[in-house]
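Engineer: target11.cif is reproduced in full below (mmCIF, C-alpha atoms and all ligand atoms).
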```
data_structure
loop_
_atom_site.label_atom_id
_atom_site.label_comp_id
_atom_site.auth_asym_id
_atom_site.auth_seq_id
_atom_site.Cartn_x
_atom_site.Cartn_y
_atom_site.Cartn_z
CA MET A 17 17.75 48.57 -8.39
CA LYS A 18 14.91 47.27 -6.27
CA ASN A 19 15.80 45.88 -2.86
CA PHE A 20 13.12 43.62 -1.38
CA LYS A 21 14.53 43.45 2.13
CA GLY A 22 11.73 44.16 4.61
CA LEU A 23 8.99 44.28 1.97
CA ALA A 24 7.29 40.95 2.74
CA ASN A 25 4.51 41.19 5.28
CA GLN A 26 4.87 38.44 7.86
CA SER A 27 1.22 38.24 8.84
CA GLU A 28 0.09 37.90 5.21
CA LEU A 29 2.61 35.15 4.65
CA GLU A 30 1.62 33.43 7.89
CA THR A 31 -2.02 33.38 6.72
CA LEU A 32 -1.02 32.05 3.32
CA LEU A 33 1.14 29.28 4.79
CA ALA A 34 -1.47 28.37 7.42
CA ASP A 35 -4.10 28.08 4.66
CA LEU A 36 -1.86 25.72 2.68
CA VAL A 37 -1.05 23.57 5.72
CA ALA A 38 -4.74 23.32 6.64
CA ILE A 39 -5.48 21.73 3.25
CA GLU A 40 -4.60 18.04 3.53
CA SER A 41 -2.47 16.95 0.56
CA VAL A 42 -0.92 13.69 1.71
CA ASN A 43 0.51 11.78 -1.25
CA PRO A 44 -2.00 9.04 -2.17
CA ALA A 45 0.79 6.45 -1.83
CA TYR A 46 0.81 7.14 1.91
CA LYS A 47 -1.66 6.42 4.68
CA GLY A 48 -4.44 9.00 4.76
CA GLY A 49 -3.74 10.32 1.28
CA GLU A 50 -6.96 10.10 -0.70
CA ARG A 51 -7.60 13.34 -2.54
CA GLY A 52 -4.01 13.97 -3.56
CA GLU A 53 -2.86 17.52 -4.17
CA ILE A 54 -5.88 18.91 -6.04
CA ALA A 55 -7.33 21.04 -3.21
CA VAL A 56 -3.96 22.74 -2.68
CA GLY A 57 -3.70 23.10 -6.46
CA GLU A 58 -7.01 24.92 -6.60
CA TYR A 59 -5.91 27.23 -3.81
CA VAL A 60 -2.70 28.05 -5.71
CA ALA A 61 -4.72 28.64 -8.90
CA ASP A 62 -7.09 31.05 -7.09
CA TYR A 63 -4.18 32.91 -5.53
CA ILE A 64 -2.37 33.54 -8.80
CA ARG A 65 -5.62 34.39 -10.60
CA LYS A 66 -6.00 37.26 -8.13
CA LEU A 67 -2.56 38.44 -9.25
CA GLY A 68 -3.80 38.49 -12.83
CA ILE A 69 -2.05 35.25 -13.81
CA GLU A 70 -4.11 32.62 -15.63
CA PRO A 71 -3.33 29.21 -14.08
CA GLU A 72 -2.69 26.19 -16.27
CA PHE A 73 -3.64 22.75 -14.99
CA GLN A 74 -0.96 20.51 -16.50
CA PRO A 75 -2.29 16.93 -16.53
CA VAL A 76 0.02 14.42 -14.84
CA LEU A 77 -2.05 11.69 -13.19
CA PRO A 78 -5.86 11.34 -13.05
CA GLY A 79 -7.18 14.14 -10.82
CA ARG A 80 -3.63 15.21 -9.97
CA PRO A 81 -2.40 18.03 -12.23
CA ASN A 82 0.57 20.33 -11.75
CA ILE A 83 -0.44 23.99 -11.44
CA LEU A 84 1.55 26.37 -13.61
CA GLY A 85 1.36 30.14 -13.79
CA ARG A 86 3.52 32.59 -15.71
CA LEU A 87 4.27 36.07 -14.50
CA GLN A 88 5.46 38.05 -17.50
CA GLY A 89 8.58 40.15 -17.19
CA ALA A 90 9.95 42.99 -19.24
CA HIS A 91 12.81 40.87 -20.50
CA ASP A 92 13.40 37.62 -22.35
CA ALA A 93 14.90 35.94 -19.31
CA CYS A 94 12.69 33.33 -17.67
CA LEU A 95 13.02 31.57 -14.35
CA ILE A 96 11.17 28.59 -12.91
CA PHE A 97 10.08 28.63 -9.28
CA GLU A 98 9.14 25.05 -8.43
CA ALA A 99 7.78 23.58 -5.19
CA HIS A 100 5.79 20.44 -4.49
CA MET A 101 2.27 20.27 -3.12
CA ASP A 102 2.20 16.73 -1.69
CA THR A 103 3.26 15.79 1.85
CA VAL A 104 4.10 12.59 3.66
CA THR A 105 1.50 10.98 5.90
CA ALA A 106 0.13 12.87 8.92
CA ASP A 107 1.35 10.13 11.27
CA PRO A 108 2.70 10.49 13.90
CA MET A 109 1.79 14.16 14.08
CA PRO A 110 -1.25 15.07 16.18
CA ASP A 111 -3.47 17.83 14.69
CA ALA A 112 -1.34 17.75 11.55
CA PHE A 113 -3.74 19.94 9.58
CA THR A 114 -4.48 22.48 12.29
CA PRO A 115 -1.68 24.99 11.87
CA LEU A 116 -0.38 26.38 15.12
CA VAL A 117 1.83 29.44 15.51
CA ARG A 118 4.03 29.57 18.58
CA GLU A 119 7.21 31.52 19.28
CA GLY A 120 7.76 32.50 15.68
CA ARG A 121 7.24 28.99 14.32
CA LEU A 122 4.37 27.55 12.35
CA TYR A 123 3.62 23.88 13.14
CA GLY A 124 1.76 21.39 10.94
CA ARG A 125 2.29 18.66 8.34
CA GLY A 126 3.93 20.20 5.31
CA ALA A 127 4.75 23.43 7.18
CA CYS A 128 8.41 22.94 6.35
CA ASP A 129 8.31 20.38 3.53
CA ASP A 130 7.21 21.85 1.27
CA LYS A 131 4.47 24.40 1.85
CA ALA A 132 6.85 27.01 3.31
CA SER A 133 8.69 27.12 -0.03
CA LEU A 134 5.44 27.06 -1.99
CA ALA A 135 3.97 29.94 0.04
CA ALA A 136 7.16 31.99 -0.28
CA MET A 137 7.23 31.48 -4.07
CA MET A 138 3.56 32.43 -4.43
CA TYR A 139 4.12 35.50 -2.29
CA ALA A 140 7.25 36.43 -4.27
CA LEU A 141 5.06 36.79 -7.37
CA LYS A 142 2.91 39.25 -5.42
CA LEU A 143 6.00 41.21 -4.35
CA LEU A 144 7.25 41.37 -7.92
CA LYS A 145 3.88 42.51 -9.15
CA GLU A 146 3.63 45.23 -6.50
CA TYR A 147 7.16 46.55 -6.41
CA ALA A 148 9.14 45.59 -9.52
CA ALA A 149 7.04 47.14 -12.29
CA GLY A 150 7.97 44.43 -14.78
CA GLY A 151 11.69 44.96 -14.25
CA HIS A 152 12.31 41.29 -13.55
CA ALA A 153 12.69 37.95 -15.31
CA ALA A 154 9.49 36.22 -16.32
CA VAL A 155 8.68 33.62 -13.68
CA LEU A 156 7.00 30.30 -14.29
CA LEU A 157 5.57 29.18 -10.96
CA ALA A 158 5.24 25.38 -10.94
CA ALA A 159 3.38 23.78 -8.05
CA VAL A 160 3.94 20.11 -8.75
CA ILE A 161 2.63 16.77 -7.51
CA ASP A 162 4.16 13.55 -6.24
CA GLU A 163 7.62 14.69 -5.15
CA GLU A 164 7.50 12.47 -2.08
CA VAL A 165 7.06 9.23 -4.05
CA ALA A 166 8.06 9.11 -7.71
CA TYR A 167 8.33 12.83 -8.61
CA ARG A 168 6.02 12.39 -11.57
CA GLY A 169 5.05 16.08 -11.38
CA ALA A 170 8.64 17.20 -11.90
CA LEU A 171 9.15 14.63 -14.67
CA LYS A 172 6.09 15.93 -16.50
CA LEU A 173 7.26 19.51 -16.08
CA ALA A 174 10.73 18.60 -17.39
CA GLU A 175 9.21 16.63 -20.27
CA SER A 176 7.17 19.65 -21.34
CA LYS A 177 10.53 21.39 -21.93
CA PRO A 178 9.69 24.76 -20.41
CA ARG A 179 11.84 27.55 -21.80
CA ALA A 180 13.89 28.92 -18.90
CA GLN A 181 17.48 29.85 -18.15
CA GLY A 182 17.34 28.85 -14.53
CA ALA A 183 15.21 27.03 -11.98
CA VAL A 184 14.87 27.41 -8.25
CA VAL A 185 13.46 24.36 -6.52
CA GLY A 186 12.06 25.13 -3.09
CA GLU A 187 12.97 22.58 -0.43
CA PRO A 188 14.13 23.14 3.15
CA THR A 189 17.77 24.25 2.85
CA ASN A 190 17.79 26.84 5.65
CA LEU A 191 18.01 29.43 2.86
CA VAL A 192 21.38 28.14 1.69
CA PRO A 193 21.61 27.84 -2.11
CA VAL A 194 22.27 24.15 -2.73
CA ILE A 195 24.04 23.36 -5.99
CA ALA A 196 24.82 19.66 -5.57
CA HIS A 197 23.19 16.56 -4.19
CA LYS A 198 23.37 12.83 -4.72
CA GLY A 199 21.22 10.76 -7.02
CA VAL A 200 19.89 7.28 -6.35
CA VAL A 201 19.20 4.00 -8.05
CA ARG A 202 17.09 1.35 -6.29
CA PHE A 203 16.83 -2.21 -7.49
CA ARG A 204 16.49 -5.82 -6.37
CA ILE A 205 18.64 -8.92 -6.65
CA ARG A 206 16.97 -12.33 -6.67
CA THR A 207 18.40 -15.79 -6.16
CA ARG A 208 16.45 -18.96 -6.86
CA GLY A 209 16.70 -22.48 -5.48
CA ARG A 210 14.45 -25.52 -5.10
CA ALA A 211 12.08 -25.94 -2.17
CA VAL A 212 11.88 -29.32 -0.40
CA HIS A 213 11.14 -30.41 3.14
CA THR A 214 14.22 -29.91 5.29
CA SER A 215 14.25 -33.64 6.12
CA ARG A 216 15.21 -34.20 2.47
CA MET A 217 17.48 -31.20 2.31
CA GLN A 218 20.00 -32.79 -0.08
CA GLU A 219 17.40 -32.79 -2.84
CA GLY A 220 16.70 -29.09 -2.53
CA ILE A 221 18.68 -25.96 -3.38
CA ASN A 222 18.88 -23.30 -0.71
CA ALA A 223 18.36 -19.86 -2.31
CA ILE A 224 19.76 -18.06 0.71
CA TYR A 225 23.30 -19.39 0.35
CA PRO A 226 24.07 -17.83 -3.06
CA MET A 227 22.59 -14.59 -1.73
CA VAL A 228 25.06 -14.62 1.13
CA GLU A 229 27.87 -14.84 -1.41
CA ALA A 230 26.32 -12.16 -3.60
CA ILE A 231 26.16 -9.76 -0.66
CA GLN A 232 29.72 -10.60 0.28
CA ALA A 233 30.87 -9.85 -3.27
CA LEU A 234 29.14 -6.46 -3.16
CA ARG A 235 30.78 -5.63 0.13
CA GLU A 236 34.24 -6.79 -0.91
CA GLN A 237 34.34 -5.69 -4.54
CA VAL A 238 32.01 -2.69 -4.85
CA GLU A 239 32.14 -0.89 -1.50
CA PRO A 240 35.88 -0.13 -1.52
CA ARG A 241 35.57 1.41 -4.97
CA LEU A 242 32.82 3.69 -3.72
CA SER A 243 34.82 5.06 -0.81
CA ALA A 244 37.61 5.86 -3.25
CA ARG A 245 35.19 8.12 -5.15
CA ALA A 246 34.42 10.45 -2.23
CA LEU A 247 33.91 14.10 -3.20
CA PRO A 248 34.91 16.95 -0.88
CA ARG A 249 31.42 18.35 -0.38
CA LEU A 250 29.13 15.39 -0.97
CA GLY A 251 31.13 12.52 0.48
CA ALA A 252 31.28 9.07 -1.10
CA PRO A 253 28.64 7.26 -3.11
CA THR A 254 27.00 4.54 -1.02
CA LEU A 255 25.48 1.11 -1.37
CA CYS A 256 23.06 -0.20 1.22
CA VAL A 257 21.39 -3.61 1.25
CA SER A 258 18.32 -2.39 3.06
CA VAL A 259 15.75 -5.20 2.76
CA ILE A 260 16.11 -8.99 2.66
CA HIS A 261 13.43 -11.63 2.22
CA GLY A 262 14.01 -15.36 1.96
CA GLY A 263 12.33 -18.57 3.00
CA LEU A 264 8.78 -19.39 4.01
CA GLN A 265 9.03 -21.54 7.10
CA VAL A 266 11.66 -23.19 9.20
CA ASN A 267 11.20 -26.74 7.91
CA MET A 268 11.41 -25.84 4.21
CA VAL A 269 14.50 -25.23 2.09
CA PRO A 270 13.97 -21.71 0.72
CA ASP A 271 13.43 -21.49 -3.03
CA GLU A 272 13.84 -17.74 -3.32
CA CYS A 273 15.72 -14.90 -1.69
CA VAL A 274 15.40 -11.23 -2.63
CA ILE A 275 17.32 -8.20 -1.44
CA GLU A 276 16.62 -4.53 -2.09
CA ILE A 277 19.47 -2.13 -2.63
CA ASP A 278 19.66 1.64 -2.32
CA ARG A 279 22.67 2.93 -4.23
CA ARG A 280 23.37 6.68 -3.88
CA THR A 281 25.31 8.14 -6.79
CA VAL A 282 27.50 11.22 -6.84
CA PRO A 283 27.80 13.65 -9.77
CA GLY A 284 29.85 11.99 -12.50
CA GLU A 285 28.41 8.52 -11.89
CA THR A 286 25.53 7.29 -14.03
CA ALA A 287 22.99 4.70 -12.96
CA ASP A 288 24.14 2.44 -15.80
CA GLU A 289 27.71 2.54 -14.55
CA ALA A 290 26.59 1.84 -11.01
CA LEU A 291 24.58 -1.17 -12.17
CA ALA A 292 27.42 -2.46 -14.37
CA GLU A 293 29.64 -2.51 -11.30
CA ILE A 294 27.06 -4.56 -9.42
CA ASP A 295 26.68 -6.95 -12.35
CA ALA A 296 30.44 -7.52 -12.47
CA ALA A 297 30.47 -8.48 -8.80
CA LEU A 298 27.57 -10.89 -9.32
CA ASP A 299 29.35 -12.38 -12.33
CA SER A 300 32.33 -13.21 -10.18
CA VAL A 301 30.04 -15.25 -7.92
CA ARG A 302 28.46 -17.05 -10.89
CA GLN A 303 31.87 -17.87 -12.30
CA ARG A 304 32.92 -19.46 -9.03
CA GLU A 305 29.69 -21.47 -8.80
CA PRO A 306 27.94 -21.78 -12.19
CA SER A 307 24.92 -23.55 -10.70
CA TYR A 308 23.86 -20.43 -8.81
CA ARG A 309 20.82 -18.66 -10.19
CA ILE A 310 21.33 -14.98 -9.42
CA GLU A 311 19.61 -12.14 -11.24
CA ARG A 312 19.76 -8.41 -10.89
CA LEU A 313 16.37 -6.89 -11.71
CA ALA A 314 15.70 -3.65 -13.59
CA PRO A 315 15.75 -0.57 -11.33
CA ASP A 316 12.57 0.29 -9.43
CA LEU A 317 13.58 3.92 -9.02
CA LEU A 318 16.14 6.17 -10.63
CA ASP A 319 17.12 9.69 -9.79
CA TYR A 320 19.94 11.87 -11.00
CA ALA A 321 22.56 13.65 -8.96
CA LEU A 322 22.59 17.45 -9.07
CA ASP A 323 25.80 19.20 -9.98
CA THR A 324 25.30 22.82 -10.96
CA PRO A 325 28.58 24.73 -11.36
CA ARG A 326 29.19 27.53 -8.87
CA GLY A 327 29.71 29.86 -11.81
CA ALA A 328 26.29 29.16 -13.36
CA LYS A 329 24.18 32.27 -13.61
CA ILE A 330 21.36 30.85 -11.48
CA ALA A 331 23.83 29.92 -8.72
CA GLN A 332 25.56 33.30 -8.75
CA VAL A 333 22.33 35.27 -8.80
CA ALA A 334 20.78 33.16 -6.03
CA ARG A 335 23.79 33.68 -3.84
CA LYS A 336 23.73 37.40 -4.49
CA ALA A 337 20.01 37.59 -3.67
CA CYS A 338 20.62 35.70 -0.41
CA GLU A 339 23.36 38.18 0.45
CA THR A 340 21.14 41.17 -0.28
CA ILE A 341 18.43 39.89 2.05
CA ARG A 342 20.42 37.98 4.70
CA GLY A 343 24.11 38.79 4.44
CA GLU A 344 27.06 36.63 3.59
CA THR A 345 26.11 33.31 2.05
CA GLU A 346 28.03 30.23 0.91
CA PHE A 347 26.84 27.48 -1.43
CA GLY A 348 25.72 24.23 0.12
CA THR A 349 25.03 20.60 -0.72
CA ALA A 350 22.11 18.45 0.37
CA PRO A 351 22.03 14.89 1.68
CA TYR A 352 18.66 14.28 -0.05
CA GLY A 353 17.48 14.34 -3.66
CA SER A 354 15.16 16.93 -5.18
CA ASP A 355 13.25 17.89 -8.30
CA ALA A 356 16.17 20.15 -9.30
CA SER A 357 18.14 17.23 -10.74
CA LYS A 358 15.27 16.28 -13.07
CA LEU A 359 14.97 19.81 -14.43
CA ALA A 360 18.74 19.95 -14.92
CA GLU A 361 19.11 16.50 -16.47
CA LEU A 362 15.98 16.22 -18.60
CA ALA A 363 15.13 19.83 -19.47
CA HIS A 364 18.75 21.11 -19.41
CA ILE A 365 17.85 24.00 -17.15
CA PRO A 366 20.58 24.97 -14.65
CA SER A 367 18.92 24.44 -11.29
CA ILE A 368 19.47 25.03 -7.61
CA VAL A 369 17.61 24.11 -4.43
CA LEU A 370 16.79 26.94 -2.05
CA GLY A 371 14.07 27.26 0.53
CA PRO A 372 13.08 28.04 4.11
CA GLY A 373 13.19 25.51 6.94
CA ASP A 374 15.45 22.69 8.00
CA ILE A 375 15.23 19.18 6.56
CA ALA A 376 15.62 17.90 10.13
CA GLN A 377 12.00 18.96 10.75
CA ALA A 378 10.60 17.35 7.61
CA HIS A 379 8.80 13.97 7.73
CA THR A 380 8.73 14.01 11.56
CA GLY A 381 6.04 14.11 14.22
CA ASP A 382 7.16 17.65 15.03
CA GLU A 383 7.19 19.53 11.73
CA TRP A 384 7.57 23.29 11.89
CA VAL A 385 9.16 26.19 10.09
CA GLU A 386 10.53 29.45 11.37
CA LEU A 387 8.28 32.18 9.98
CA MET A 388 11.13 34.65 9.67
CA GLN A 389 12.77 32.27 7.20
CA VAL A 390 9.59 32.11 5.13
CA VAL A 391 9.51 35.91 5.00
CA GLN A 392 13.14 36.05 3.94
CA ALA A 393 12.60 33.31 1.38
CA ALA A 394 9.86 35.34 -0.33
CA GLU A 395 12.13 38.37 -0.42
CA ILE A 396 15.06 36.31 -1.74
CA TYR A 397 12.95 34.78 -4.53
CA ALA A 398 11.69 38.22 -5.61
CA GLN A 399 15.20 39.67 -5.41
CA LEU A 400 16.50 36.79 -7.48
CA ALA A 401 13.99 37.43 -10.27
CA VAL A 402 15.09 41.07 -10.44
CA GLU A 403 18.81 40.38 -10.27
CA PHE A 404 18.54 37.57 -12.83
CA VAL A 405 17.79 40.20 -15.49
CA ARG A 406 20.40 42.61 -14.30
CA TYR A 407 23.17 39.98 -14.35
CA ASP A 408 23.23 40.05 -18.16
CA HIS A 409 23.13 43.78 -18.59
ZN ZN A 501 10.12 18.18 -0.05
#
```
Represent the structure from my file as structure tokens, please.

Structural biologist:
Amino acid sequence: MKNFKGLANQSELETLLADLVAIESVNPAYKGGERGEIAVGEYVADYIRKLGIEPEFQPVLPGRPNILGRLQGAHDACLIFEAHMDTVTADPMPDAFTPLVREGRLYGRGACDDKASLAAMMYALKLLKEYAAGGHAAVLLAAVIDEEVAYRGALKLAESKPRAQGAVVGEPTNLVPVIAHKGVVRFRIRTRGRAVHTSRMQEGINAIYPMVEAIQALREQVEPRLSARALPRLGAPTLCVSVIHGGLQVNMVPDECVIEIDRRTVPGETADEALAEIDAALDSVRQREPSYRIERLAPDLLDYALDTPRGAKIAQVARKACETIRGETEFGTAPYGSDASKLAELAHIPSIVLGPGDIAQAHTGDEWVELMQVVQAAEIYAQLAVEFVRYDH
């Protein structure tokens, strides 16, 4: 049985990661993002071509394909290694695309989120090719777009129904295999009134007042139910009124008020159920005051919670691979969402999140990753592909 511990070459991985960081791939929805992920995609395609893998450019958005590559194995088993190519904006990071190595860390935008995982997955294919002689699961490497905004790359990948018995999504988890995280549903609530000059206030309808009552109803009726649903590892689902807009100027009765809500779901809750609970609270306000015009709008963004059983093969094998390379390992949960829940929910592939780096360094002005973790990640991914086959036999 192949053991990959110590087989990854740190300086090769450092070069690979530095190359990826030096290629700007800010998501076009963010400041400074113009080209999208395509230049990173071409780099990934070239890299796997050199390993004898023909890259597939899976169309997602104009000029923004996912890059897929399949490393054949000697067995039927197939795994997905997925990482995203886009980053958040370079601000406020100086020299964001000039990778700097200092004291065992590599600094730069995307160093941690998510190019460290991407580099480690690419390099794992090389390790498998060199050392495993086909004695591993087939691996579909998926370098996807748009994770930072609307995860359209992961949705496209899931929609294409890839045949796989497990997926590893690379995100900064400090090399802890994460099997559960929350989902989210974001939506708006709008109240309407009638605008008049404040000197004739009696003739108008103030849209802010029903909103005050709507928010109160959410706090009094929905919030307590959420705290009662707390899970041991993930905590309680949450509801946050995070944006409010209402009124145009101080001498006008406001005719509209809008709030935006971020509702984090836990495994077992669906978005529909979460929204039904909101609607019931709003109904109670309408019943008290039938003249109020309150509407809950269709969700702007929806994401599923991740809840992979500890006993799932992918979870067990990932944990074992982590132990082989790093020693004793426990499962973890994440406070953020990831592409893993889309692969699990829409493509029915048991999925985990596992990657180098700490989420605390992502999206900041001081993004870095510890190179030793990137090395270990590559070894863990390769180990996992070998042990995934062995688990059945
Ligand atoms: Zn990420």

Engineer: Would you list the contacts of region 141-152 of chain A as number ranges by chain, taking every protein, DNA or RNA residue within 10 Å and counting only C-alpha atoms, but skipping same-chain residues closer than 5 positions in sequence?

Structural biologist: A: 17-20, 23-25, 63-64, 66-69, 85-95, 97, 136, 157, 394-395, 397-406

Engineer: Could you check the closest approach to Asp102 (chain A) for each of A:Ile161, A:Ala132, A:Gly57, A:Arg210 and tell me which residue wins, using all atoms listed in the file?

Structural biologist: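 The answer is A:Ile161, which sits nearest to Asp102 (chain A).
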
Engineer: Quick one: of A:Glu236, A:Glu72, A:Glu305, A:Glu383, who's nearest to Val104 (chain A), counting all atoms listed in the file?

Structural biologist: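 Checking each of A:Glu236, A:Glu72, A:Glu305, A:Glu383 against Val104 (chain A), counting all atoms listed in the file, the winner is A:Glu383.
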
Engineer: Collect all residues with atoms no farther than 8 Å from ligand ZN 501 (chain A), counting all atoms listed in the file, and output them as a ChimeraX atom specification.

Structural biologist: /A:99-100,103,129-130,163-164,186-188,354,378

Engineer: Emit the selected residues as a JSON list (two decimals), in the frame of the given file, including C-alpha atoms.

Structural biologist:
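Output below, filename selection_21.json:
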```
[["chain", "number", "residue", "atom", "x", "y", "z"],
["A", 99, "ALA", "CA", 7.78, 23.58, -5.19],
["A", 100, "HIS", "CA", 5.79, 20.44, -4.49],
["A", 103, "THR", "CA", 3.26, 15.79, 1.85],
["A", 129, "ASP", "CA", 8.31, 20.38, 3.53],
["A", 130, "ASP", "CA", 7.21, 21.85, 1.27],
["A", 163, "GLU", "CA", 7.62, 14.69, -5.15],
["A", 164, "GLU", "CA", 7.50, 12.47, -2.08],
["A", 186, "GLY", "CA", 12.06, 25.13, -3.09],
["A", 187, "GLU", "CA", 12.97, 22.58, -0.43],
["A", 188, "PRO", "CA", 14.13, 23.14, 3.15],
["A", 354, "SER", "CA", 15.16, 16.93, -5.18],
["A", 378, "ALA", "CA", 10.60, 17.35, 7.61]]
```

Engineer: Skipping near chain neighbours, those fewer than 3 positions away, what residues fall within 9 Å of Leu313 (chain A) using all atoms listed in the file, listed as a ChimeraX atom specification?

Structural biologist: /A:203-206,316

Engineer: Can you pull out the residues contacting region 117-119 of chain A? Cut-off 12 Å, using only C-alpha atoms, and skip same-chain residues under 4 positions away; I want them as a JSON list (two decimals) with C-alpha atoms, keeping the file's coordinate frame.

Structural biologist:
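Everything below was put into out-v3.json:
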```json
[["chain", "number", "residue", "atom", "x", "y", "z"],
["A", 27, "SER", "CA", 1.22, 38.24, 8.84],
["A", 30, "GLU", "CA", 1.62, 33.43, 7.89],
["A", 31, "THR", "CA", -2.02, 33.38, 6.72],
["A", 33, "LEU", "CA", 1.14, 29.28, 4.79],
["A", 34, "ALA", "CA", -1.47, 28.37, 7.42],
["A", 37, "VAL", "CA", -1.05, 23.57, 5.72],
["A", 123, "TYR", "CA", 3.62, 23.88, 13.14],
["A", 124, "GLY", "CA", 1.76, 21.39, 10.94],
["A", 127, "ALA", "CA", 4.75, 23.43, 7.18],
["A", 383, "GLU", "CA", 7.19, 19.53, 11.73],
["A", 384, "TRP", "CA", 7.57, 23.29, 11.89],
["A", 385, "VAL", "CA", 9.16, 26.19, 10.09],
["A", 386, "GLU", "CA", 10.53, 29.45, 11.37],
["A", 387, "LEU", "CA", 8.28, 32.18, 9.98],
["A", 388, "MET", "CA", 11.13, 34.65, 9.67]]
```

Engineer: Between A:Ala183, A:Val200, A:Ala350, A:Val301, which has the minimum distance to Leu250 (chain A) (counting only C-alpha atoms)?

Structural biologist: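 Answer, going by the shortest atom-to-atom distance: A:Ala350.
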
Engineer: Quick one: residues within 10 Å of Val238 (chain A), only C-alpha atoms counted, chain neighbours fewer than 4 positions away excluded, as an mmCIF file with C-alpha atoms, keeping the file's coordinate frame?

Structural biologist:
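Below is the file that was written, out-v3.cif:
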```cif
data_model
loop_
_atom_site.group_PDB
_atom_site.id
_atom_site.type_symbol
_atom_site.label_atom_id
_atom_site.label_comp_id
_atom_site.auth_asym_id
_atom_site.auth_seq_id
_atom_site.Cartn_x
_atom_site.Cartn_y
_atom_site.Cartn_z
ATOM 1 C CA GLN A 232 29.720 -10.600 0.280
ATOM 2 C CA ALA A 233 30.870 -9.850 -3.270
ATOM 3 C CA LEU A 234 29.140 -6.460 -3.160
ATOM 4 C CA LEU A 242 32.820 3.690 -3.720
ATOM 5 C CA SER A 243 34.820 5.060 -0.810
ATOM 6 C CA THR A 254 27.000 4.540 -1.020
ATOM 7 C CA LEU A 255 25.480 1.110 -1.370
ATOM 8 C CA ALA A 290 26.590 1.840 -11.010
ATOM 9 C CA GLU A 293 29.640 -2.510 -11.300
ATOM 10 C CA ILE A 294 27.060 -4.560 -9.420
ATOM 11 C CA ALA A 296 30.440 -7.520 -12.470
ATOM 12 C CA ALA A 297 30.470 -8.480 -8.800
#
```

Engineer: Could you give me, as a list in words, the residues within 12 Å of Val228 (chain A), counting all atoms listed in the file and dropping anything in the same chain fewer than 6 positions from it?

Structural biologist: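 The filter keeps Ile205, Arg206, Thr207, Asn222, Leu234, Arg235, Val257, Ile260, Gly262, Cys273, Val274, Ile275, Leu298, Val301, Tyr308 and Ile310 of chain A.
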
Engineer: Using Å and a single decimal, report how far CA of Cys256 (chain A) sits from CA of Glu276 (chain A).

Structural biologist: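 Spanning CA of Glu276 (chain A) to CA of Cys256 (chain A) is a straight-line distance of 8.4 Å.
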
Engineer: To one decimal place, how far is CA of Arg326 (chain A) from CA of Pro178 (chain A) in Å?

Structural biologist: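 Calculated distance between CA of Arg326 (chain A) and CA of Pro178 (chain A) is 22.8 Å.
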
Engineer: Rounded to one decimal in Å, what is the spacing between CA of Arg216 (chain A) and CA of Arg309 (chain A)?

Structural biologist: 20.8 Å

Engineer: Name the closest residue to Val76 (chain A) among the candidates A:Arg342, A:Lys131, A:Lys172, A:Lys358; distances are taken between atoms, counting all atoms listed in the file.

Structural biologist: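 Answer, going by the shortest atom-to-atom distance: A:Lys172.
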
Engineer: Using only C-alpha atoms, find the one residue out of A:Met268, A:Leu32, A:Cys338, A:Ala244 that sits nearest to Met217 (chain A).

Structural biologist: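 Selected residue with least distance to Met217 (chain A): A:Met268.
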
Engineer: Go through A:Met109, A:Leu247, A:Ala292, A:Leu359 and flag the residue nearest Ala314 (chain A), using only C-alpha atoms for the distances.

Structural biologist: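 Counting only C-alpha atoms, the residue closest to Ala314 (chain A) is A:Ala292.
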